[in-house]
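Visitor: Just so it is clear, I am handing over run_34.txt, which has compact mmCIF, N, CA and C atoms and all ligand atoms.
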# COMPACT_ATOMS: atom_id res chain seq x y z
N MET L 1 -15.71 -25.78 19.50
CA MET L 1 -14.56 -25.24 18.79
C MET L 1 -13.31 -25.43 19.63
N SER L 2 -12.25 -25.99 19.06
CA SER L 2 -11.02 -26.08 19.85
C SER L 2 -9.94 -25.27 19.16
N GLU L 3 -9.41 -24.32 19.91
CA GLU L 3 -8.45 -23.38 19.33
C GLU L 3 -7.25 -23.25 20.24
N PRO L 4 -6.11 -22.83 19.67
CA PRO L 4 -4.94 -22.59 20.51
C PRO L 4 -5.24 -21.47 21.51
N SER L 5 -4.67 -21.57 22.73
CA SER L 5 -4.98 -20.56 23.74
C SER L 5 -4.18 -19.28 23.54
N THR L 6 -3.01 -19.39 22.93
CA THR L 6 -2.32 -18.14 22.59
C THR L 6 -2.22 -18.04 21.08
N THR L 7 -2.25 -16.81 20.61
CA THR L 7 -2.31 -16.59 19.17
C THR L 7 -1.23 -15.58 18.78
N ILE L 8 -1.10 -15.41 17.50
CA ILE L 8 -0.14 -14.43 16.96
C ILE L 8 -0.47 -13.02 17.47
N PHE L 9 -1.76 -12.76 17.72
CA PHE L 9 -2.13 -11.41 18.20
C PHE L 9 -1.68 -11.20 19.65
N ASP L 10 -1.63 -12.27 20.44
CA ASP L 10 -1.07 -12.14 21.79
C ASP L 10 0.40 -11.75 21.70
N GLU L 11 1.09 -12.33 20.73
CA GLU L 11 2.51 -12.00 20.55
C GLU L 11 2.69 -10.57 20.07
N ILE L 12 1.77 -10.11 19.24
CA ILE L 12 1.81 -8.71 18.80
C ILE L 12 1.56 -7.79 20.00
N LEU L 13 0.55 -8.13 20.80
CA LEU L 13 0.23 -7.32 21.98
C LEU L 13 1.41 -7.27 22.95
N ALA L 14 2.11 -8.37 23.08
CA ALA L 14 3.26 -8.43 24.00
C ALA L 14 4.49 -7.74 23.40
N GLY L 15 4.42 -7.37 22.14
CA GLY L 15 5.57 -6.74 21.49
C GLY L 15 6.62 -7.75 21.05
N ASP L 16 6.26 -9.03 21.06
CA ASP L 16 7.23 -10.07 20.69
C ASP L 16 7.37 -10.20 19.18
N ILE L 17 6.32 -9.85 18.46
CA ILE L 17 6.47 -9.77 17.00
C ILE L 17 5.94 -8.41 16.54
N PRO L 18 6.53 -7.88 15.48
CA PRO L 18 6.19 -6.50 15.09
C PRO L 18 4.85 -6.40 14.37
N CYS L 19 4.30 -5.21 14.40
CA CYS L 19 3.14 -4.90 13.56
C CYS L 19 3.20 -3.41 13.27
N HIS L 20 2.40 -2.98 12.32
CA HIS L 20 2.31 -1.55 12.03
C HIS L 20 1.16 -0.97 12.86
N ARG L 21 1.52 -0.46 14.05
CA ARG L 21 0.52 0.04 15.00
C ARG L 21 -0.07 1.35 14.52
N VAL L 22 -1.37 1.45 14.61
CA VAL L 22 -2.08 2.65 14.17
C VAL L 22 -2.70 3.37 15.36
N TYR L 23 -3.19 2.60 16.34
CA TYR L 23 -3.92 3.19 17.47
C TYR L 23 -3.79 2.24 18.66
N GLU L 24 -3.69 2.85 19.85
CA GLU L 24 -3.67 2.02 21.06
C GLU L 24 -4.27 2.80 22.21
N ASP L 25 -5.09 2.13 23.02
CA ASP L 25 -5.49 2.70 24.31
C ASP L 25 -5.43 1.58 25.34
N ASP L 26 -6.01 1.79 26.51
CA ASP L 26 -5.87 0.80 27.59
C ASP L 26 -6.44 -0.58 27.22
N HIS L 27 -7.44 -0.59 26.33
CA HIS L 27 -8.15 -1.84 26.04
C HIS L 27 -8.05 -2.32 24.60
N VAL L 28 -7.55 -1.46 23.72
CA VAL L 28 -7.68 -1.72 22.28
C VAL L 28 -6.36 -1.46 21.56
N LEU L 29 -6.09 -2.27 20.55
CA LEU L 29 -4.96 -2.02 19.64
C LEU L 29 -5.48 -2.14 18.21
N ALA L 30 -5.03 -1.24 17.35
CA ALA L 30 -5.36 -1.33 15.92
C ALA L 30 -4.07 -1.30 15.13
N PHE L 31 -3.98 -2.18 14.13
CA PHE L 31 -2.76 -2.28 13.32
C PHE L 31 -3.13 -2.75 11.92
N LEU L 32 -2.19 -2.54 10.99
CA LEU L 32 -2.45 -2.94 9.61
C LEU L 32 -2.50 -4.46 9.49
N ASP L 33 -3.47 -4.95 8.72
CA ASP L 33 -3.49 -6.38 8.39
C ASP L 33 -2.28 -6.70 7.51
N ILE L 34 -1.60 -7.79 7.84
CA ILE L 34 -0.37 -8.15 7.11
C ILE L 34 -0.66 -8.54 5.66
N ASN L 35 -1.90 -8.92 5.41
CA ASN L 35 -2.27 -9.40 4.08
C ASN L 35 -3.57 -8.70 3.65
N PRO L 36 -3.48 -7.41 3.36
CA PRO L 36 -4.71 -6.61 3.21
C PRO L 36 -5.52 -6.93 1.96
N LEU L 37 -6.84 -6.84 2.10
CA LEU L 37 -7.72 -6.98 0.94
C LEU L 37 -7.73 -5.70 0.11
N SER L 38 -7.42 -4.59 0.75
CA SER L 38 -7.28 -3.31 0.05
C SER L 38 -6.42 -2.43 0.95
N PRO L 39 -5.76 -1.42 0.36
CA PRO L 39 -4.87 -0.58 1.17
C PRO L 39 -5.66 0.15 2.27
N GLY L 40 -5.15 0.05 3.49
CA GLY L 40 -5.84 0.65 4.64
C GLY L 40 -6.56 -0.39 5.49
N HIS L 41 -6.62 -1.63 5.03
CA HIS L 41 -7.26 -2.73 5.78
C HIS L 41 -6.64 -2.81 7.18
N LEU L 42 -7.47 -2.54 8.16
CA LEU L 42 -7.02 -2.49 9.56
C LEU L 42 -7.59 -3.64 10.36
N LEU L 43 -6.88 -4.04 11.39
CA LEU L 43 -7.40 -4.98 12.39
C LEU L 43 -7.51 -4.23 13.71
N VAL L 44 -8.64 -4.39 14.37
CA VAL L 44 -8.90 -3.74 15.65
C VAL L 44 -9.16 -4.84 16.65
N ILE L 45 -8.32 -4.91 17.68
CA ILE L 45 -8.44 -6.04 18.63
C ILE L 45 -8.56 -5.51 20.05
N PRO L 46 -9.32 -6.24 20.89
CA PRO L 46 -9.28 -5.95 22.32
C PRO L 46 -7.98 -6.52 22.89
N LYS L 47 -7.49 -5.91 23.95
CA LYS L 47 -6.31 -6.49 24.60
C LYS L 47 -6.70 -7.76 25.37
N GLU L 48 -7.96 -7.85 25.73
CA GLU L 48 -8.46 -9.05 26.42
C GLU L 48 -8.32 -10.25 25.49
N ALA L 49 -7.75 -11.33 26.02
CA ALA L 49 -7.48 -12.52 25.20
C ALA L 49 -8.69 -13.45 25.17
N LYS L 50 -9.60 -13.17 24.27
CA LYS L 50 -10.76 -14.04 24.06
C LYS L 50 -10.83 -14.40 22.58
N ALA L 51 -11.24 -15.63 22.32
CA ALA L 51 -11.26 -16.10 20.94
C ALA L 51 -12.44 -15.52 20.16
N HIS L 52 -13.59 -15.40 20.85
CA HIS L 52 -14.84 -15.09 20.14
C HIS L 52 -15.57 -13.90 20.75
N LEU L 53 -16.30 -13.23 19.92
CA LEU L 53 -16.99 -12.00 20.35
C LEU L 53 -17.91 -12.25 21.54
N HIS L 54 -18.60 -13.41 21.53
CA HIS L 54 -19.57 -13.65 22.60
C HIS L 54 -18.90 -13.89 23.96
N GLN L 55 -17.56 -14.03 23.95
CA GLN L 55 -16.84 -14.27 25.21
C GLN L 55 -16.29 -12.97 25.81
N LEU L 56 -16.40 -11.89 25.07
CA LEU L 56 -15.74 -10.65 25.45
C LEU L 56 -16.46 -9.98 26.63
N SER L 57 -15.69 -9.37 27.53
CA SER L 57 -16.30 -8.62 28.63
C SER L 57 -16.99 -7.37 28.08
N ASP L 58 -17.97 -6.88 28.83
CA ASP L 58 -18.66 -5.65 28.43
C ASP L 58 -17.66 -4.50 28.31
N GLU L 59 -16.69 -4.47 29.20
CA GLU L 59 -15.71 -3.38 29.20
C GLU L 59 -14.89 -3.36 27.90
N SER L 60 -14.39 -4.53 27.50
CA SER L 60 -13.62 -4.61 26.25
C SER L 60 -14.50 -4.31 25.05
N ALA L 61 -15.72 -4.88 25.08
CA ALA L 61 -16.63 -4.66 23.94
C ALA L 61 -16.95 -3.18 23.79
N ALA L 62 -17.17 -2.51 24.92
CA ALA L 62 -17.47 -1.08 24.87
C ALA L 62 -16.27 -0.31 24.33
N ALA L 63 -15.08 -0.69 24.76
CA ALA L 63 -13.87 0.03 24.33
C ALA L 63 -13.65 -0.14 22.82
N VAL L 64 -13.85 -1.36 22.32
CA VAL L 64 -13.71 -1.59 20.88
C VAL L 64 -14.77 -0.79 20.13
N GLY L 65 -16.01 -0.83 20.64
CA GLY L 65 -17.10 -0.11 19.98
C GLY L 65 -16.85 1.39 19.94
N ARG L 66 -16.21 1.88 21.00
CA ARG L 66 -15.91 3.32 21.06
C ARG L 66 -14.85 3.69 20.02
N ALA L 67 -13.87 2.81 19.85
CA ALA L 67 -12.75 3.13 18.94
C ALA L 67 -13.13 2.95 17.47
N LEU L 68 -14.05 2.04 17.18
CA LEU L 68 -14.30 1.67 15.78
C LEU L 68 -14.70 2.84 14.86
N PRO L 69 -15.68 3.68 15.26
CA PRO L 69 -16.08 4.72 14.31
C PRO L 69 -14.94 5.66 13.95
N ARG L 70 -14.11 6.00 14.93
CA ARG L 70 -12.98 6.90 14.66
C ARG L 70 -11.98 6.24 13.73
N LEU L 71 -11.73 4.96 13.97
CA LEU L 71 -10.81 4.22 13.10
C LEU L 71 -11.38 4.10 11.69
N CYS L 72 -12.68 3.91 11.59
CA CYS L 72 -13.33 3.86 10.26
C CYS L 72 -13.13 5.18 9.54
N ARG L 73 -13.28 6.28 10.27
CA ARG L 73 -13.10 7.59 9.62
C ARG L 73 -11.68 7.74 9.11
N ALA L 74 -10.71 7.26 9.88
CA ALA L 74 -9.31 7.35 9.44
C ALA L 74 -9.08 6.50 8.20
N VAL L 75 -9.68 5.31 8.19
CA VAL L 75 -9.54 4.41 7.03
C VAL L 75 -10.18 5.05 5.79
N MET L 76 -11.33 5.68 5.98
CA MET L 76 -11.98 6.37 4.85
C MET L 76 -11.08 7.46 4.29
N GLN L 77 -10.45 8.21 5.19
CA GLN L 77 -9.60 9.31 4.72
C GLN L 77 -8.41 8.80 3.93
N VAL L 78 -7.71 7.76 4.45
CA VAL L 78 -6.50 7.31 3.75
C VAL L 78 -6.84 6.55 2.47
N SER L 79 -7.99 5.88 2.46
CA SER L 79 -8.33 5.08 1.27
C SER L 79 -9.01 5.95 0.21
N GLY L 80 -9.54 7.11 0.63
CA GLY L 80 -10.26 7.97 -0.31
C GLY L 80 -11.61 7.38 -0.68
N SER L 81 -12.07 6.39 0.07
CA SER L 81 -13.35 5.75 -0.23
C SER L 81 -14.30 5.89 0.95
N SER L 82 -15.56 6.20 0.66
CA SER L 82 -16.54 6.28 1.74
C SER L 82 -17.19 4.92 1.96
N ALA L 83 -16.81 3.92 1.16
CA ALA L 83 -17.38 2.58 1.31
C ALA L 83 -16.37 1.67 2.02
N TYR L 84 -16.87 0.92 2.97
CA TYR L 84 -15.99 -0.02 3.68
C TYR L 84 -16.85 -1.07 4.37
N ASN L 85 -16.21 -2.19 4.69
CA ASN L 85 -16.88 -3.25 5.47
C ASN L 85 -16.18 -3.41 6.80
N VAL L 86 -16.96 -3.65 7.84
CA VAL L 86 -16.42 -4.07 9.14
C VAL L 86 -16.80 -5.54 9.29
N LEU L 87 -15.79 -6.38 9.41
CA LEU L 87 -16.01 -7.83 9.42
C LEU L 87 -15.45 -8.40 10.71
N GLN L 88 -16.21 -9.31 11.30
CA GLN L 88 -15.75 -9.93 12.56
C GLN L 88 -16.13 -11.40 12.51
N ASN L 89 -15.14 -12.27 12.31
CA ASN L 89 -15.39 -13.70 12.12
C ASN L 89 -15.28 -14.47 13.43
N ASN L 90 -16.16 -15.44 13.61
CA ASN L 90 -16.12 -16.30 14.79
C ASN L 90 -16.25 -17.76 14.37
N GLY L 91 -15.18 -18.53 14.61
CA GLY L 91 -15.20 -19.96 14.27
C GLY L 91 -14.55 -20.20 12.92
N ALA L 92 -13.84 -21.33 12.83
CA ALA L 92 -13.10 -21.65 11.61
C ALA L 92 -14.04 -21.72 10.40
N SER L 93 -15.24 -22.27 10.60
CA SER L 93 -16.15 -22.39 9.45
C SER L 93 -16.70 -21.04 9.02
N ALA L 94 -16.55 -20.04 9.90
CA ALA L 94 -16.95 -18.66 9.56
C ALA L 94 -15.73 -17.83 9.17
N HIS L 95 -14.66 -18.54 8.74
CA HIS L 95 -13.48 -17.88 8.18
C HIS L 95 -12.57 -17.26 9.24
N GLN L 96 -12.72 -17.67 10.51
CA GLN L 96 -11.79 -17.15 11.53
C GLN L 96 -10.51 -17.97 11.49
N ALA L 97 -9.38 -17.29 11.32
CA ALA L 97 -8.09 -17.97 11.28
C ALA L 97 -7.27 -17.69 12.53
N VAL L 98 -7.47 -16.51 13.12
CA VAL L 98 -6.73 -16.14 14.34
C VAL L 98 -7.75 -16.08 15.48
N PHE L 99 -7.51 -16.89 16.51
CA PHE L 99 -8.53 -17.06 17.56
C PHE L 99 -8.30 -16.10 18.72
N HIS L 100 -8.27 -14.85 18.35
CA HIS L 100 -8.30 -13.71 19.27
C HIS L 100 -9.25 -12.72 18.60
N VAL L 101 -10.26 -12.27 19.35
CA VAL L 101 -11.28 -11.40 18.74
C VAL L 101 -10.63 -10.28 17.93
N HIS L 102 -11.12 -10.08 16.71
CA HIS L 102 -10.64 -8.97 15.91
C HIS L 102 -11.71 -8.50 14.94
N PHE L 103 -11.71 -7.21 14.71
CA PHE L 103 -12.59 -6.59 13.73
C PHE L 103 -11.73 -6.13 12.57
N HIS L 104 -12.12 -6.51 11.36
CA HIS L 104 -11.48 -5.98 10.16
C HIS L 104 -12.20 -4.69 9.76
N ILE L 105 -11.45 -3.67 9.40
CA ILE L 105 -12.04 -2.53 8.69
C ILE L 105 -11.42 -2.56 7.29
N ILE L 106 -12.26 -2.76 6.30
CA ILE L 106 -11.77 -3.05 4.94
C ILE L 106 -12.35 -2.04 3.95
N PRO L 107 -11.50 -1.14 3.45
CA PRO L 107 -12.02 -0.20 2.45
C PRO L 107 -12.50 -0.94 1.21
N LYS L 108 -13.61 -0.48 0.65
CA LYS L 108 -14.09 -1.02 -0.63
C LYS L 108 -13.81 0.04 -1.69
N LEU L 109 -12.95 -0.29 -2.63
CA LEU L 109 -12.50 0.68 -3.60
C LEU L 109 -13.29 0.57 -4.90
N GLU L 110 -13.27 1.65 -5.66
CA GLU L 110 -14.04 1.67 -6.92
C GLU L 110 -13.59 0.59 -7.88
N ASP L 111 -12.29 0.23 -7.81
CA ASP L 111 -11.79 -0.81 -8.72
C ASP L 111 -12.17 -2.23 -8.26
N GLY L 112 -12.92 -2.32 -7.17
CA GLY L 112 -13.40 -3.63 -6.72
C GLY L 112 -12.61 -4.21 -5.57
N ARG L 113 -11.40 -3.66 -5.30
CA ARG L 113 -10.63 -4.22 -4.19
C ARG L 113 -11.38 -4.01 -2.88
N GLY L 114 -11.22 -4.97 -1.98
CA GLY L 114 -11.94 -4.95 -0.71
C GLY L 114 -12.56 -6.31 -0.48
N LEU L 115 -13.57 -6.33 0.34
CA LEU L 115 -14.22 -7.59 0.68
C LEU L 115 -15.22 -8.01 -0.40
N GLY L 116 -15.13 -9.27 -0.84
CA GLY L 116 -16.16 -9.83 -1.72
C GLY L 116 -17.13 -10.61 -0.84
N ILE L 117 -18.39 -10.48 -1.11
CA ILE L 117 -19.39 -11.10 -0.21
C ILE L 117 -20.31 -12.04 -0.99
N HIS L 118 -20.43 -13.25 -0.44
CA HIS L 118 -21.42 -14.20 -0.93
C HIS L 118 -22.58 -14.16 0.07
N TRP L 119 -23.77 -13.87 -0.36
CA TRP L 119 -24.88 -13.58 0.58
C TRP L 119 -26.10 -14.38 0.18
N PRO L 120 -26.11 -15.67 0.50
CA PRO L 120 -27.21 -16.53 0.04
C PRO L 120 -28.45 -16.42 0.94
N ALA L 121 -29.14 -15.31 0.80
CA ALA L 121 -30.29 -15.05 1.67
C ALA L 121 -31.47 -15.95 1.33
N ALA L 122 -32.23 -16.30 2.37
CA ALA L 122 -33.45 -17.10 2.18
C ALA L 122 -34.43 -16.75 3.29
N ALA L 123 -35.69 -16.58 2.94
CA ALA L 123 -36.70 -16.18 3.94
C ALA L 123 -36.88 -17.27 4.98
N LEU L 124 -37.18 -16.85 6.23
CA LEU L 124 -37.46 -17.81 7.30
C LEU L 124 -38.88 -18.34 7.14
N GLU L 125 -39.07 -19.62 7.51
CA GLU L 125 -40.43 -20.15 7.48
C GLU L 125 -41.26 -19.55 8.60
N SER L 126 -40.63 -19.38 9.79
CA SER L 126 -41.38 -18.83 10.92
C SER L 126 -40.54 -17.80 11.67
N PRO L 127 -40.61 -16.54 11.23
CA PRO L 127 -39.87 -15.51 11.95
C PRO L 127 -40.34 -15.36 13.41
N GLU L 128 -41.65 -15.61 13.64
CA GLU L 128 -42.18 -15.48 15.01
C GLU L 128 -41.48 -16.46 15.96
N GLU L 129 -41.32 -17.71 15.47
CA GLU L 129 -40.64 -18.73 16.28
C GLU L 129 -39.19 -18.32 16.56
N MET L 130 -38.58 -17.76 15.54
CA MET L 130 -37.19 -17.31 15.68
C MET L 130 -37.08 -16.21 16.72
N VAL L 131 -37.97 -15.25 16.64
CA VAL L 131 -37.95 -14.13 17.61
C VAL L 131 -38.16 -14.67 19.02
N GLU L 132 -39.10 -15.60 19.16
CA GLU L 132 -39.37 -16.19 20.48
C GLU L 132 -38.13 -16.89 21.04
N GLY L 133 -37.47 -17.66 20.19
CA GLY L 133 -36.26 -18.37 20.62
C GLY L 133 -35.17 -17.40 21.03
N LEU L 134 -35.00 -16.35 20.25
CA LEU L 134 -33.95 -15.38 20.56
C LEU L 134 -34.27 -14.62 21.83
N ARG L 135 -35.56 -14.22 21.98
CA ARG L 135 -35.93 -13.47 23.20
C ARG L 135 -35.74 -14.31 24.44
N SER L 136 -36.10 -15.59 24.37
CA SER L 136 -35.92 -16.39 25.59
C SER L 136 -34.44 -16.66 25.85
N ALA L 137 -33.63 -16.77 24.80
CA ALA L 137 -32.18 -16.90 25.03
C ALA L 137 -31.64 -15.66 25.72
N LEU L 138 -32.10 -14.49 25.31
CA LEU L 138 -31.65 -13.24 25.94
C LEU L 138 -32.09 -13.16 27.39
N GLU L 139 -33.30 -13.63 27.66
CA GLU L 139 -33.79 -13.60 29.05
C GLU L 139 -32.95 -14.49 29.95
N ARG L 140 -32.45 -15.60 29.39
CA ARG L 140 -31.61 -16.51 30.18
C ARG L 140 -30.18 -15.98 30.33
N ASP L 141 -29.86 -14.91 29.61
CA ASP L 141 -28.49 -14.37 29.58
C ASP L 141 -28.53 -12.86 29.79
N PRO L 142 -28.95 -12.42 30.99
CA PRO L 142 -29.08 -10.96 31.19
C PRO L 142 -27.70 -10.31 31.22
N SER L 143 -27.63 -9.05 30.81
CA SER L 143 -26.33 -8.37 30.82
C SER L 143 -26.08 -7.74 32.19
P1 LIG L 201 -9.63 -13.90 10.25
O1 LIG L 201 -9.81 -14.74 9.02
O2 LIG L 201 -9.21 -14.69 11.46
O3 LIG L 201 -10.83 -13.02 10.52
O4 LIG L 201 -8.45 -12.90 9.88
C1 LIG L 201 -7.19 -12.91 10.44
C2 LIG L 201 -6.41 -11.80 9.79
O5 LIG L 201 -5.20 -11.65 10.49
C3 LIG L 201 -6.05 -12.05 8.32
O6 LIG L 201 -6.61 -11.01 7.52
C4 LIG L 201 -4.55 -12.04 8.30
O7 LIG L 201 -4.00 -11.42 7.17
C5 LIG L 201 -4.20 -11.30 9.57
N1 LIG L 201 -2.93 -11.71 10.17
C6 LIG L 201 -2.56 -12.98 10.44
N2 LIG L 201 -1.33 -13.00 11.00
C7 LIG L 201 -0.95 -11.69 11.10
C8 LIG L 201 0.22 -11.06 11.61
O8 LIG L 201 1.16 -11.69 12.08
N3 LIG L 201 0.25 -9.70 11.55
C9 LIG L 201 -0.78 -8.96 11.05
N4 LIG L 201 -0.63 -7.63 11.05
N5 LIG L 201 -1.89 -9.52 10.57
C10 LIG L 201 -1.99 -10.87 10.59
Can you dump the structure from the file as structure tokens?
Ligand code: 5GP
Guide:
Amino acid sequence: MSEPSTTIFDEILAGDIPCHRVYEDDHVLAFLDINPLSPGHLLVIPKEAKAHLHQLSDESAAAVGRALPRLCRAVMQVSGSSAYNVLQNNGASAHQAVFHVHFHIIPKLEDGRGLGIHWPAAALESPEEMVEGLRSALERDPS
């Protein structure tokens, strides 16, 4: 994947372009998505400048994980909906447009506004082989 090293979110973090800030701590910023799928659609980003989730430090990942449930509760309150999606895209083919890690919190409203999902599920031929491959990948990548 080849992506620009600085993104619009770096400019937001630097205060060079405006955003509607909702939450900030030492590691995390949350702000309104400029083009929301439904009212309350939030973006939650680490301050660490990494394009993809798998590149994020444990510290940033923990900080984002800590902030997310509270931000979800706030989104539920303002949207009046208990249904929502948390979406995190990695790679252009996976619908990532801004190459700075970000989590979307997207209220799903009764009128249908929110995230639409295409979910073409298909059973694996060999789940055992898959588990083996994943376990050995994890062993080669200890935390
Ligand atoms: P992605 O497809 O990369 O997961 O989503 C990127 C999101 O960033 C989009 O939902 C888009 O509306 C949002 N976005 C892009 N540029 C800006 C911006 O300048 N300000 C804000 N607040 N959101 C942005």
Visitor: Report as lines of an AutoDock Vina configuration file the centre and the edge lengths, in Å to one decimal, of the axis-aligned box holding every listed atom of ligand LIG 201 (chain L), padded by 3 Å on each side.
Guide:
center_x = -4.8
center_y = -11.2
center_z = 9.6
size_x = 18.0
size_y = 13.1
size_z = 10.9
Visitor: Interatomic distance between atom CA of Gly116 of chain L and atom N of Leu43 of chain L?
Guide: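 According to the coordinates, atom CA of Gly116 of chain L and atom N of Leu43 of chain L are separated by 17.1 Å.
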Visitor: Give me the residues near segment 95-109 of chain L as an MDAnalysis selection string, where near means some atom within 8 Å (using all atoms listed in the file) and where sequence neighbours in that chain fewer than 5 positions away do not count.
Guide: chainID L and resid 3:10 36:46 48:53 71:72 75:76 79:90 114:115
Visitor: Please run DSSP on the backbone and report, as a PyMOL selection string, all residues within chain L that come out as alpha helix (DSSP H).
Guide: chain L and resi 8-13+58-79+127-139
Visitor: Could you give me the residues within chain L that DSSP places in strand (DSSP E or B), as a PyMOL selection string?
Guide: chain L and resi 21-24+28-32+42-46+84-87+103-107
Visitor: Give the answer as one residue: which of L:Ala92, L:Val64, L:Val78, L:Leu138 has the shortest atom-to-atom distance to His27 of chain L, using only N, CA and C atoms?
Guide: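 Closest candidate: L:Val64.
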Visitor: Go ahead and find all residues with at least one atom no further than 7 Å from (-1.1, -3.9, 9.9) in the file's coordinates, using only N, CA and C atoms; report them as a PDB file with N, CA and C atoms, in the coordinates of the input.
Guide:
ATOM      1  N   CYS L  19       4.300  -5.210  14.400  1.00  0.00           N
ATOM      2  CA  CYS L  19       3.140  -4.900  13.560  1.00  0.00           C
ATOM      3  C   CYS L  19       3.200  -3.410  13.270  1.00  0.00           C
ATOM      4  N   HIS L  20       2.400  -2.980  12.320  1.00  0.00           N
ATOM      5  CA  HIS L  20       2.310  -1.550  12.030  1.00  0.00           C
ATOM      6  C   HIS L  20       1.160  -0.970  12.860  1.00  0.00           C
ATOM      7  N   ARG L  21       1.520  -0.460  14.050  1.00  0.00           N
ATOM      8  CA  ARG L  21       0.520   0.040  15.000  1.00  0.00           C
ATOM      9  C   ARG L  21      -0.070   1.350  14.520  1.00  0.00           C
ATOM     10  N   ALA L  30      -5.030  -1.240  17.350  1.00  0.00           N
ATOM     11  CA  ALA L  30      -5.360  -1.330  15.920  1.00  0.00           C
ATOM     12  C   ALA L  30      -4.070  -1.300  15.130  1.00  0.00           C
ATOM     13  N   PHE L  31      -3.980  -2.180  14.130  1.00  0.00           N
ATOM     14  CA  PHE L  31      -2.760  -2.280  13.320  1.00  0.00           C
ATOM     15  C   PHE L  31      -3.130  -2.750  11.920  1.00  0.00           C
ATOM     16  N   LEU L  32      -2.190  -2.540  10.990  1.00  0.00           N
ATOM     17  CA  LEU L  32      -2.450  -2.940   9.610  1.00  0.00           C
ATOM     18  C   LEU L  32      -2.500  -4.460   9.490  1.00  0.00           C
ATOM     19  N   ASP L  33      -3.470  -4.950   8.720  1.00  0.00           N
ATOM     20  CA  ASP L  33      -3.490  -6.380   8.390  1.00  0.00           C
ATOM     21  C   ASP L  33      -2.280  -6.700   7.510  1.00  0.00           C
ATOM     22  N   ILE L  34      -1.600  -7.790   7.840  1.00  0.00           N
ATOM     23  CA  ILE L  34      -0.370  -8.150   7.110  1.00  0.00           C
ATOM     24  C   ILE L  34      -0.660  -8.540   5.660  1.00  0.00           C
ATOM     25  N   ASN L  35      -1.900  -8.920   5.410  1.00  0.00           N
ATOM     26  CA  ASN L  35      -2.270  -9.400   4.080  1.00  0.00           C
ATOM     27  C   ASN L  35      -3.570  -8.700   3.650  1.00  0.00           C
ATOM     28  N   HIS L  41      -6.620  -1.630   5.030  1.00  0.00           N
ATOM     29  CA  HIS L  41      -7.260  -2.730   5.780  1.00  0.00           C
ATOM     30  C   HIS L  41      -6.640  -2.810   7.180  1.00  0.00           C
ATOM     31  N   LEU L  42      -7.470  -2.540   8.160  1.00  0.00           N
ATOM     32  CA  LEU L  42      -7.020  -2.490   9.560  1.00  0.00           C
ATOM     33  C   LEU L  42      -7.590  -3.640  10.360  1.00  0.00           C
ATOM     34  N   LEU L  43      -6.880  -4.040  11.390  1.00  0.00           N
ATOM     35  CA  LEU L  43      -7.400  -4.980  12.390  1.00  0.00           C
ATOM     36  C   LEU L  43      -7.510  -4.230  13.710  1.00  0.00           C
TER      37      LEU L  43
END
Visitor: In Å, rounded to a single decimal, give me how far atom CA of Arg140 of chain L is from atom N of Pro127 of chain L.
Guide: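 Calculated distance between atom N of Pro127 of chain L and atom CA of Arg140 of chain L is 21.0 Å.
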Visitor: Using only N, CA and C atoms and all ligand atoms, which of the listed residues (L:Pro120, L:Gly112, L:Gly133, L:Gly91) sits closest to ligand LIG 201 (chain L)?
Guide: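 Using only N, CA and C atoms and all ligand atoms, ligand LIG 201 (chain L) sits closest to L:Gly91.
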Visitor: Any idea what the distance is between atom N of Ser57 of chain L and atom CA of Ala74 of chain L?
Guide: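 Distance reported for this atom pair: 25.4 Å.
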Visitor: Out of L:Leu134, L:Val28, L:Ala121, L:Ile17, which residue has the shortest atom-to-atom distance to ligand LIG 201 (chain L) when counting all atoms listed in the file?
Guide: L:Ile17
Visitor: Of the candidates L:Ile117, L:Gln77, L:Ala94, L:Glu24, which one gets nearest to ligand LIG 201 (chain L) if we count all atoms listed in the file?
Guide: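 For ligand LIG 201 (chain L), the nearest of the given residues is L:Ala94.
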